[in-house]
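Participant: I am attaching a structure below and will ask some questions about it afterwards.
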Amino acid sequence: MSLPRRVPWVSLSQLEQVYSAIYVTKDWDFAIRRLSTWRYSTGLPHALDAALSLLVASRNEVNEHVCNLSIRQGYALAIIRFVNGLVDPLQTSKYARSIAMISSQIGLPLSLVELRHAATHEDLPSVEALREGAKLALSWIEQRYFTPALANNQQPLSTGPDPLRPLNPLLKQYKAAFKLVIKDVSLKKSMSSEITAILRAFDGWISEAATVAWSTWDSDEEERTSWALEKLCTALTQPGGLVPVAKRKQPNSIEEVDTTLWQPLLEYLRSSYHDFSPIFVESLVVTVLDPFEGSISTHEDTKRGDGYYYCLSGWLLWASAQWNDSISCNPESLVTLLFKDIPKDSTLP
């Protein structure tokens, strides 16, 4: 559980005063002074820090002593920092996703992304374009930061991401590719690019899930990634993941569990995310020992039987033996724990 987060305002009424000064009375001098004080005393959440930069840039435009180039540079810097500060924390994958992709997930207008790109890599945009961009950014902050904060009486959260993409199609794609390689080892070289792309697709899914976590509750990067890994591990423990869907393909004992198909993915995830090993093992333990898991479905085709628990128990013992340097358990302890709840297996004492 994360610790409470420190905020610069003493009461929510102070935040409401800043909101009113920016969007209602247009007393931007008051808002700038208050936000500057907060920044100096405790630091600001990114949305408020970006709002301060945008307000300062806007105020400079009415200062006759500030030249046109300085005005454009002030606007440009404020917009660049605004977009980067939202997008960079969500780059949790080994392979970077495009800013446009992440922005679409958090509801950030594409025009701001394009303006940020132009200000960074091309000729500096005109004052008119930058001014409109600053207005749009302030409007986004109002809708996605101030409104939830003042309505819910808590640290505000971003809303409106795209729904989390289903993981099953990616799992099926992985299974299809690796089954071919297992059947014909000679295909491994010719399919190396496809296999690499599939493994990277899991990184992309984890990044997308972390983005959804960012939009669901106030969390840091590690918490978001852990949440995404938990979702992934939950999917892996379902039939169609580590456990074959067809009961005739499920093992009749722990000794029959075949780790060949899924081991490359698990090893890849373990090497990419330091929290994956303990999260994976915890997910297996919770699933195997949950007394209600087997009774969720009453349909004969989907009800979990002995093979389901043998399979997950076999994976649990495999992980504890292979990854004993990163998880705090050992095979002997797991055997004692598991056989209190799973069907009797004569292959183990």
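Residues in the structure tokens are named by chain (A, B, ... in the order shown) and by number from 1 within that chain; ligands are numbered from 1 in the order shown.
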Need to verify the contact set: Ser207 (chain A), 8 Å, only C-alpha atoms, exclusion of same-chain residues closer than 3 positions in sequence. Can you return it as a compact mmCIF listing (two decimals) with all heavy atoms, in the first residue's frame?
Facilitator:
# COMPACT_ATOMS: atom_id res chain seq x y z
N LEU A 90 4.51 7.57 -18.46
CA LEU A 90 3.77 6.40 -18.94
C LEU A 90 4.59 5.56 -19.90
O LEU A 90 4.10 4.56 -20.43
CB LEU A 90 2.47 6.86 -19.63
CG LEU A 90 1.54 7.68 -18.73
CD1 LEU A 90 0.31 8.14 -19.50
CD2 LEU A 90 1.13 6.89 -17.51
N GLN A 91 5.84 5.93 -20.13
CA GLN A 91 6.74 5.13 -20.96
C GLN A 91 7.38 4.07 -20.07
O GLN A 91 8.54 4.19 -19.67
CB GLN A 91 7.82 6.02 -21.60
CG GLN A 91 7.30 6.96 -22.66
CD GLN A 91 7.04 6.26 -24.00
OE1 GLN A 91 6.96 5.04 -24.07
NE2 GLN A 91 6.91 7.04 -25.06
N THR A 92 6.62 3.02 -19.76
CA THR A 92 7.10 1.99 -18.83
C THR A 92 7.64 0.77 -19.54
O THR A 92 8.18 -0.13 -18.90
CB THR A 92 5.97 1.56 -17.89
OG1 THR A 92 4.86 1.09 -18.68
CG2 THR A 92 5.50 2.74 -17.04
N SER A 93 7.50 0.70 -20.86
CA SER A 93 7.94 -0.47 -21.61
C SER A 93 9.43 -0.38 -21.92
O SER A 93 10.03 0.69 -21.88
CB SER A 93 7.14 -0.58 -22.90
OG SER A 93 7.70 -1.54 -23.78
N ASP A 203 5.24 -6.20 -24.01
CA ASP A 203 5.69 -4.95 -23.41
C ASP A 203 4.71 -3.83 -23.72
O ASP A 203 4.40 -3.00 -22.86
CB ASP A 203 7.08 -4.57 -23.95
CG ASP A 203 8.18 -5.48 -23.44
OD1 ASP A 203 8.11 -5.87 -22.26
OD2 ASP A 203 9.09 -5.81 -24.21
N GLY A 204 4.23 -3.81 -24.97
CA GLY A 204 3.26 -2.78 -25.34
C GLY A 204 1.98 -2.89 -24.55
O GLY A 204 1.42 -1.88 -24.11
N ALA A 210 -0.57 -0.02 -17.83
CA ALA A 210 -0.05 0.95 -16.87
C ALA A 210 -0.68 2.32 -17.10
O ALA A 210 -0.91 3.08 -16.15
CB ALA A 210 1.47 1.04 -16.97
N THR A 211 -0.95 2.65 -18.36
CA THR A 211 -1.61 3.91 -18.67
C THR A 211 -3.02 3.93 -18.09
O THR A 211 -3.48 4.94 -17.56
CB THR A 211 -1.67 4.13 -20.19
OG1 THR A 211 -0.34 4.11 -20.72
CG2 THR A 211 -2.31 5.46 -20.53
N THR A 225 3.09 -0.26 -13.09
CA THR A 225 3.64 -1.44 -13.76
C THR A 225 3.28 -2.71 -13.01
O THR A 225 2.95 -3.73 -13.62
CB THR A 225 5.17 -1.32 -13.88
OG1 THR A 225 5.51 -0.12 -14.59
CG2 THR A 225 5.76 -2.51 -14.61
N ALA A 228 -0.23 -3.66 -13.85
CA ALA A 228 -0.30 -4.24 -15.18
C ALA A 228 0.19 -5.69 -15.17
O ALA A 228 -0.39 -6.57 -15.82
CB ALA A 228 0.52 -3.41 -16.16
Participant: Which residues of region 115-151 of chain A come within 10 Å of region 10-24 of chain A, and what is each one's closest atom pair and distance in Å (one decimal), counting only C-alpha atoms, sorted by chain and residue number, as a tab-separated table?
Facilitator:
residue	atom	partner	partner_atom	distance
A:Leu138	CA	A:Tyr23	CA	8.9
A:Ser139	CA	A:Tyr23	CA	8.8
A:Glu142	CA	A:Tyr19	CA	8.0
A:Phe146	CA	A:Tyr19	CA	6.9
A:Thr147	CA	A:Tyr19	CA	9.2
A:Ala149	CA	A:Leu12	CA	8.6
A:Leu150	CA	A:Glu16	CA	7.0
Participant: So which one's closest to Thr196 (chain A), A:His117, A:Pro264, A:Lys231, A:Val7? Using only C-alpha atoms, please.
Facilitator: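 Among A:His117, A:Pro264, A:Lys231, A:Val7, it is A:Pro264 that comes nearest to Thr196 (chain A).
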Participant: Rank nothing, just name the residue among A:Ile32, A:Gln250, A:Lys183, A:Tyr309 nearest to Arg59 (chain A), using only C-alpha atoms.
Facilitator: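 The answer is A:Ile32, which sits nearest to Arg59 (chain A).
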